[in-house]
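Okay, input18.cif is below, mmCIF, C-alpha atoms:
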data_upload
loop_
_atom_site.label_atom_id
_atom_site.label_comp_id
_atom_site.auth_asym_id
_atom_site.auth_seq_id
_atom_site.Cartn_x
_atom_site.Cartn_y
_atom_site.Cartn_z
CA MET X 1 89.07 163.04 99.27
CA ILE X 2 91.34 160.00 98.84
CA ILE X 3 90.82 157.59 95.94
CA ALA X 4 92.55 154.41 94.83
CA ILE X 5 93.48 153.70 91.24
CA ILE X 6 94.37 150.11 90.41
CA PRO X 7 96.20 149.87 87.07
CA ALA X 8 95.34 146.55 85.39
CA LYS X 9 96.53 146.28 81.80
CA LYS X 10 95.85 143.25 79.63
CA ASP X 11 99.36 142.47 78.46
CA SER X 12 102.43 141.63 80.49
CA ASN X 13 105.76 140.84 78.87
CA ARG X 14 106.97 138.32 81.45
CA LEU X 15 103.77 136.68 82.73
CA PRO X 16 100.91 136.71 80.20
CA ASP X 17 97.54 137.90 81.52
CA LYS X 18 99.23 138.49 84.90
CA ASN X 19 96.49 140.62 86.45
CA MET X 20 93.90 137.87 86.05
CA ARG X 21 96.19 134.99 87.00
CA PRO X 22 94.76 132.84 89.80
CA LEU X 23 96.37 133.23 93.21
CA LEU X 24 94.90 131.16 96.03
CA GLY X 25 91.86 130.48 93.86
CA ARG X 26 91.10 134.08 92.87
CA PRO X 27 92.46 136.44 90.22
CA MET X 28 95.34 138.63 91.40
CA LEU X 29 93.19 141.67 90.54
CA GLU X 30 90.63 140.55 93.12
CA HIS X 31 93.33 140.50 95.81
CA ALA X 32 94.29 144.10 94.90
CA ILE X 33 90.65 145.21 94.99
CA ASN X 34 90.15 143.55 98.38
CA TYR X 35 93.31 145.18 99.72
CA ALA X 36 91.89 148.59 98.75
CA LYS X 37 88.44 147.73 100.14
CA GLN X 38 89.99 147.04 103.56
CA SER X 39 90.85 150.73 103.88
CA ASN X 40 88.64 152.93 106.02
CA ARG X 41 90.00 156.04 104.34
CA LEU X 42 89.16 155.65 100.64
CA SER X 43 86.20 157.47 99.14
CA LYS X 44 86.33 155.54 95.84
CA ILE X 45 88.21 152.72 94.16
CA TYR X 46 88.77 152.64 90.39
CA VAL X 47 90.42 150.12 88.09
CA SER X 48 92.14 151.60 85.05
CA THR X 49 92.31 149.07 82.23
CA ASP X 50 92.60 148.60 78.50
CA ASP X 51 90.84 145.23 78.56
CA LYS X 52 87.15 144.38 78.33
CA ALA X 53 87.42 141.14 80.36
CA ILE X 54 89.20 142.99 83.19
CA ALA X 55 86.56 145.73 83.02
CA ASN X 56 83.74 143.18 83.24
CA PHE X 57 85.38 141.41 86.19
CA THR X 58 85.92 144.77 87.94
CA GLU X 59 82.27 145.71 87.60
CA CYS X 60 81.30 142.35 89.14
CA GLN X 61 83.45 143.36 92.13
CA GLU X 62 81.34 146.56 92.43
CA VAL X 63 84.29 148.77 91.53
CA GLU X 64 84.21 151.49 88.90
CA VAL X 65 86.21 151.13 85.69
CA ILE X 66 88.20 153.72 83.79
CA ILE X 67 88.88 152.56 80.25
CA ARG X 68 92.24 153.74 79.02
CA PRO X 69 93.42 153.82 75.43
CA PRO X 70 95.88 151.23 74.07
CA SER X 71 98.52 153.97 74.00
CA LEU X 72 98.55 153.77 77.83
CA GLY X 73 99.23 150.03 77.85
CA GLY X 74 102.56 148.25 77.70
CA GLU X 75 105.35 149.84 79.69
CA THR X 76 103.59 153.19 80.17
CA PRO X 77 104.77 155.07 83.28
CA LEU X 78 102.18 154.76 86.04
CA LEU X 79 102.06 158.54 86.49
CA ASP X 80 100.63 158.74 82.97
CA VAL X 81 97.97 156.17 83.90
CA TYR X 82 97.06 158.10 87.06
CA ARG X 83 97.02 161.40 85.17
CA HIS X 84 94.70 159.91 82.53
CA ALA X 85 92.34 158.66 85.25
CA LEU X 86 92.29 162.05 86.96
CA ASN X 87 91.57 163.79 83.65
CA ILE X 88 88.64 161.42 83.09
CA LEU X 89 87.31 161.90 86.62
CA LEU X 90 87.83 165.67 86.66
CA PRO X 91 88.47 165.54 90.40
CA LYS X 92 87.61 168.83 92.01
CA ASN X 93 88.04 167.55 95.55
CA VAL X 94 90.43 164.60 95.13
CA GLU X 95 93.56 165.48 97.07
CA THR X 96 95.30 162.11 97.21
CA VAL X 97 95.65 159.14 94.86
CA VAL X 98 96.64 155.74 96.15
CA GLY X 99 98.09 153.56 93.41
CA VAL X 100 97.51 149.87 94.11
CA GLN X 101 99.51 147.65 91.80
CA VAL X 102 98.09 144.18 91.30
CA ASP X 103 101.45 142.40 91.22
CA HIS X 104 102.29 142.92 94.92
CA PRO X 105 99.62 140.75 96.58
CA ASP X 106 101.41 139.97 99.84
CA ARG X 107 101.95 143.46 101.23
CA ASN X 108 103.03 143.71 104.85
CA ILE X 109 101.70 147.23 105.42
CA SER X 110 98.02 148.13 105.21
CA LEU X 111 96.86 150.96 103.02
CA ASP X 112 95.68 152.92 106.06
CA GLU X 113 99.06 152.52 107.77
CA ALA X 114 100.81 153.84 104.65
CA LEU X 115 98.37 156.76 104.47
CA GLU X 116 99.10 157.59 108.10
CA ILE X 117 102.84 157.80 107.35
CA TYR X 118 102.19 159.89 104.22
CA GLU X 119 100.08 162.39 106.16
CA HIS X 120 102.15 162.42 109.36
CA ASP X 121 105.34 163.18 107.42
CA GLY X 122 103.66 165.83 105.25
CA LEU X 123 104.62 164.07 102.01
CA ASP X 124 103.29 164.55 98.53
CA TYR X 125 104.70 161.21 97.30
CA LEU X 126 105.19 158.03 99.35
CA TYR X 127 106.49 154.90 97.66
CA SER X 128 107.86 151.59 98.84
CA LYS X 129 111.13 149.68 98.64
CA ASP X 130 112.04 146.14 99.56
CA ALA X 131 114.53 145.25 102.30
CA HIS X 132 117.38 145.52 99.77
CA GLY X 133 116.50 149.11 98.87
CA GLN X 134 114.94 148.24 95.50
CA LYS X 135 111.86 150.34 94.68
CA ASN X 136 108.72 148.25 94.29
CA GLY X 137 105.10 148.98 93.50
CA ALA X 138 103.58 147.83 96.78
CA HIS X 139 102.70 151.40 97.76
CA ALA X 140 102.33 154.65 95.87
CA ILE X 141 100.52 157.53 97.53
CA LEU X 142 100.57 160.76 95.59
CA ASN X 143 99.26 164.28 95.82
CA THR X 144 96.84 164.97 92.95
CA LYS X 145 98.46 168.30 92.13
CA GLY X 146 101.83 166.58 91.91
CA ILE X 147 100.45 164.01 89.46
CA LEU X 148 98.86 166.63 87.23
CA GLU X 149 101.93 168.89 87.27
CA ASN X 150 104.46 166.04 87.33
CA LYS X 151 106.21 167.71 90.28
CA PHE X 152 106.64 166.40 93.82
CA LYS X 153 108.36 168.41 96.54
CA LYS X 154 108.54 166.00 99.46
CA ARG X 155 109.08 162.30 98.75
CA ASP X 156 109.93 159.45 101.03
CA HIS X 157 109.62 155.68 101.14
CA ILE X 158 108.59 152.84 103.40
CA ILE X 159 109.94 149.30 103.47
CA ASP X 160 107.55 146.55 102.40
CA ASN X 161 109.37 143.38 101.54
CA CYS X 162 106.56 141.81 99.54
CA THR X 163 106.74 139.69 96.41
CA ASN X 164 106.90 141.46 93.07
CA VAL X 165 105.15 138.99 90.76
CA HIS X 166 106.85 138.72 87.38
CA PHE X 167 106.97 134.95 86.86
CA GLU X 168 105.02 131.80 87.74
CA SER X 169 107.50 131.07 90.55
CA ASP X 170 106.68 134.48 92.08
CA LEU X 171 103.00 133.51 92.21
CA MET X 172 103.91 130.42 94.22
CA LYS X 173 106.13 132.46 96.56
CA ALA X 174 103.34 135.03 97.09
CA ALA X 175 100.79 132.27 97.77
CA ILE X 176 103.01 130.71 100.44
CA ARG X 177 103.61 134.10 102.08
CA MET X 178 99.92 135.03 101.95
CA GLN X 179 98.93 131.74 103.58
CA ALA X 180 101.53 132.25 106.31
CA MET X 181 100.25 135.80 106.88
CA GLY X 182 96.62 134.60 107.03
CA LEU X 183 95.75 136.69 103.96
CA SER X 184 94.22 133.82 102.03
CA LYS X 185 91.19 133.82 104.31
CA HIS X 186 90.09 137.46 104.11
CA ASN X 187 91.99 139.13 101.29
#
Entire entry expressed as structure tokens:
Amino acid sequence: MIIAIIPAKKDSNRLPDKNMRPLLGRPMLEHAINYAKQSNRLSKIYVSTDDKAIANFTECQEVEVIIRPPSLGGETPLLDVYRHALNILLPKNVETVVGVQVDHPDRNISLDEALEIYEHDGLDYLYSKDAHGQKNGAHAILNTKGILENKFKKRDHIIDNCTNVHFESDLMKAAIRMQAMGLSKHN
């Protein structure tokens, strides 16, 4: 089974309340949820959050919520967030976790395309970089065993030159790109 975990913390150092910031008339979190919902491969989608407002919004989107403790907020490594979610879910048959970060709304590669690469190449960790070779959070596909044991044997990356939203100007850049890509209509 393949599941998606969308980490959506309350606080952001550079852009306050970033995950709920409007982008093309909808919260950025909604764009991330819709990106995951477009996949034909996911069995379940979860949002991991430390915030009640985000949890309430998530439930209105018909997505399950995993409440995480404040200790997993801030600059917590995402592997810790995924590990916490897996420990809550007690996944007996979850083989793969797709991490969908909210702050990369204008991805160029679909989740199913990324999963195809992950499986075809026999990876246990696929992540993304931008065109300059800088790692970004657009894609993270991980083997459940690797998350729980904090050990990955075969890693590789794909290039997705999307916007990494840290500031208000990044929101405007992402909105322009999403409109040009036609994502504002169905994402």
On this structure, which residues satisfy the PyMOL selection byres ((chain X and resi 123) around 9), written as a short mmCIF file (atom, residue, chain, number, x, y, z; two decimals) with C-alpha atoms, keeping the file's coordinate frame?
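Below is the file part.cif, written as the result:
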data_model
loop_
_atom_site.label_atom_id
_atom_site.label_comp_id
_atom_site.auth_asym_id
_atom_site.auth_seq_id
_atom_site.Cartn_x
_atom_site.Cartn_y
_atom_site.Cartn_z
CA ILE X 117 102.84 157.80 107.35
CA TYR X 118 102.19 159.89 104.22
CA GLU X 119 100.08 162.39 106.16
CA HIS X 120 102.15 162.42 109.36
CA ASP X 121 105.34 163.18 107.42
CA GLY X 122 103.66 165.83 105.25
CA ASP X 124 103.29 164.55 98.53
CA TYR X 125 104.70 161.21 97.30
CA LEU X 126 105.19 158.03 99.35
CA ILE X 141 100.52 157.53 97.53
CA LEU X 142 100.57 160.76 95.59
CA ASN X 143 99.26 164.28 95.82
CA PHE X 152 106.64 166.40 93.82
CA LYS X 153 108.36 168.41 96.54
CA LYS X 154 108.54 166.00 99.46
CA ARG X 155 109.08 162.30 98.75
CA ASP X 156 109.93 159.45 101.03
#
Residues matched by the PyMOL selection byres ((chain X and resi 73-85) around 7) as a PyMOL selection string
chain X and resi 9+11+50+66+70-72+86-89+147-148
Quick one: residues within 7 Å of Leu23 (chain X), only C-alpha atoms, excluding same-chain residues fewer than 4 positions away - as a count of residues only?
4
Would you give me, as a Markdown table, each residue of region 7-62 of chain X having an atom within 7 Å of an atom of region 106-114 of chain X, along with its shortest atom pair and that distance in Å to one decimal, using only C-alpha atoms and sorting by chain and residue number?
| residue | atom | partner | partner_atom | distance |
| --- | --- | --- | --- | --- |
| X:Ala36 | CA | X:Leu111 | CA | 7.0 |
| X:Ser39 | CA | X:Asp112 | CA | 5.7 |
| X:Arg41 | CA | X:Asp112 | CA | 6.7 |
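Across X:Leu24, X:Asn164, X:Ile3, X:Tyr127, the tightest approach to Gln179 (chain X) is made by X:Leu24 when counting all atoms listed in the file.
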Neighbours of region 144-146 of chain X within 7 Å (all atoms listed in the file; same-chain residues fewer than 4 positions away dropped), as a VMD selection string?
chain X and resid 94 to 97 150 to 152
What does the distance from CA of Pro69 (chain X) to CA of Leu29 (chain X) come to in Å, to one decimal?
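Answer for the CA of Pro69 (chain X) to CA of Leu29 (chain X) separation: 19.4 Å.
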Which is closest to Gly133 (chain X) among X:Glu149, X:Glu116, X:Asp160, X:Glu168, if we use only C-alpha atoms?
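So, comparing all the options, the nearest one is X:Asp160.
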Of the listed residues X:Val102, X:Cys162, X:Cys60, X:Ala180, that which approaches Pro22 (chain X) most closely, counting only C-alpha atoms:
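Answer, going by the shortest atom-to-atom distance: X:Val102.
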Of X:Asn19, X:Ala131, X:Met178, X:His31, the one sitting nearest Val165 (chain X) when using all atoms listed in the file is X:Asn19
Nearby residues, (99.6, 148.0, 87.7) file frame, 6 Å, only C-alpha atoms, as a PDB file with C-alpha atoms, in the frame of the given file:
ATOM      1  CA  PRO X   7      96.200 149.870  87.070  1.00  0.00           C
ATOM      2  CA  ALA X   8      95.340 146.550  85.390  1.00  0.00           C
ATOM      3  CA  GLN X 101      99.510 147.650  91.800  1.00  0.00           C
ATOM      4  CA  VAL X 102      98.090 144.180  91.300  1.00  0.00           C
TER       5      VAL X 102
END
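Considering the residues X:Lys10, X:Arg26, X:His139, X:His157 and counting all atoms listed in the file, His104 (chain X) has its shortest atom-to-atom contact with X:His139.
Pairwise distance (CA of Lys44 (chain X), CA of Gly182 (chain X)) equals 25.9 Å.
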Axis-aligned box over every listed atom of region 68-82 of chain X, padded by 3 Å per side: centre and edges in Å to one decimal, as JSON?
{"center_x": 98.8, "center_y": 153.5, "center_z": 80.5, "size_x": 19.1, "size_y": 16.5, "size_z": 19.1}
Pick out the residues sitting within 6 Å of Ala4 (chain X), and hand them over as a list in words; count all atoms listed in the file, and ignore anything fewer than 5 positions along from it in its own chain.
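Neighbouring residues, sequence-local ones excluded: Ile45, Val97, Val98 and Gly99 of chain X.
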Around (85.9, 144.0, 96.1), as given in the file, which residues come within 7 Å? Count only C-alpha atoms and list them as a compact mmCIF listing (two decimals) with C-alpha atoms, keeping the file's coordinate frame.
# COMPACT_ATOMS: atom_id res chain seq x y z
CA GLU X 30 90.63 140.55 93.12
CA ILE X 33 90.65 145.21 94.99
CA ASN X 34 90.15 143.55 98.38
CA LYS X 37 88.44 147.73 100.14
CA GLN X 61 83.45 143.36 92.13
CA GLU X 62 81.34 146.56 92.43
CA VAL X 63 84.29 148.77 91.53
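Here CA of Ser12 (chain X) and CA of Tyr46 (chain X) stand 20.1 Å from one another.
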Could you pull the residues within 10 Å of Lys52 (chain X), counting only C-alpha atoms, minus those fewer than 4 positions along the same chain, as a list of chain:residue names?
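Near neighbours after the sequence-gap exclusion: X:Lys10, X:Asn56, X:Phe57, X:Thr58, X:Ile67.
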Which residue gives the smallest distance to Ala32 (chain X) among X:Met20, X:Val100, X:Ala174, X:Ile54, with all atoms listed in the file counted?
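Between X:Met20, X:Val100, X:Ala174, X:Ile54, the residue approaching Ala32 (chain X) most closely is X:Val100.
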Where atoms are missing, can you supply N, CA and C atoms for region 51-65 of chain X and output the lot as a compact mmCIF listing (two decimals), in the frame of the given file?
# COMPACT_ATOMS: atom_id res chain seq x y z
N ASP X 51 91.34 146.55 78.90
CA ASP X 51 90.84 145.23 78.56
C ASP X 51 89.38 145.05 78.98
N LYS X 52 88.58 144.56 78.07
CA LYS X 52 87.15 144.38 78.33
C LYS X 52 86.88 143.31 79.39
N ALA X 53 87.63 142.20 79.37
CA ALA X 53 87.42 141.14 80.36
C ALA X 53 87.76 141.65 81.77
N ILE X 54 88.84 142.42 81.89
CA ILE X 54 89.20 142.99 83.19
C ILE X 54 88.12 143.98 83.63
N ALA X 55 87.62 144.77 82.69
CA ALA X 55 86.56 145.73 83.02
C ALA X 55 85.31 145.01 83.51
N ASN X 56 84.92 143.94 82.83
CA ASN X 56 83.74 143.18 83.24
C ASN X 56 83.93 142.57 84.63
N PHE X 57 85.10 141.99 84.89
CA PHE X 57 85.38 141.41 86.19
C PHE X 57 85.31 142.49 87.28
N THR X 58 85.90 143.65 87.00
CA THR X 58 85.92 144.77 87.94
C THR X 58 84.51 145.19 88.32
N GLU X 59 83.65 145.31 87.34
CA GLU X 59 82.27 145.71 87.60
C GLU X 59 81.55 144.68 88.47
N CYS X 60 81.88 143.39 88.29
CA CYS X 60 81.30 142.35 89.14
C CYS X 60 81.78 142.48 90.58
N GLN X 61 82.91 143.13 90.79
CA GLN X 61 83.45 143.36 92.13
C GLN X 61 82.90 144.67 92.72
N GLU X 62 81.96 145.29 92.01
CA GLU X 62 81.34 146.56 92.43
C GLU X 62 82.37 147.68 92.58
N VAL X 63 83.28 147.73 91.61
CA VAL X 63 84.29 148.77 91.53
C VAL X 63 84.16 149.44 90.17
N GLU X 64 84.34 150.75 90.15
CA GLU X 64 84.21 151.49 88.90
C GLU X 64 85.43 151.31 88.00
N VAL X 65 85.18 151.36 86.70
CA VAL X 65 86.21 151.13 85.69
C VAL X 65 86.50 152.43 84.95
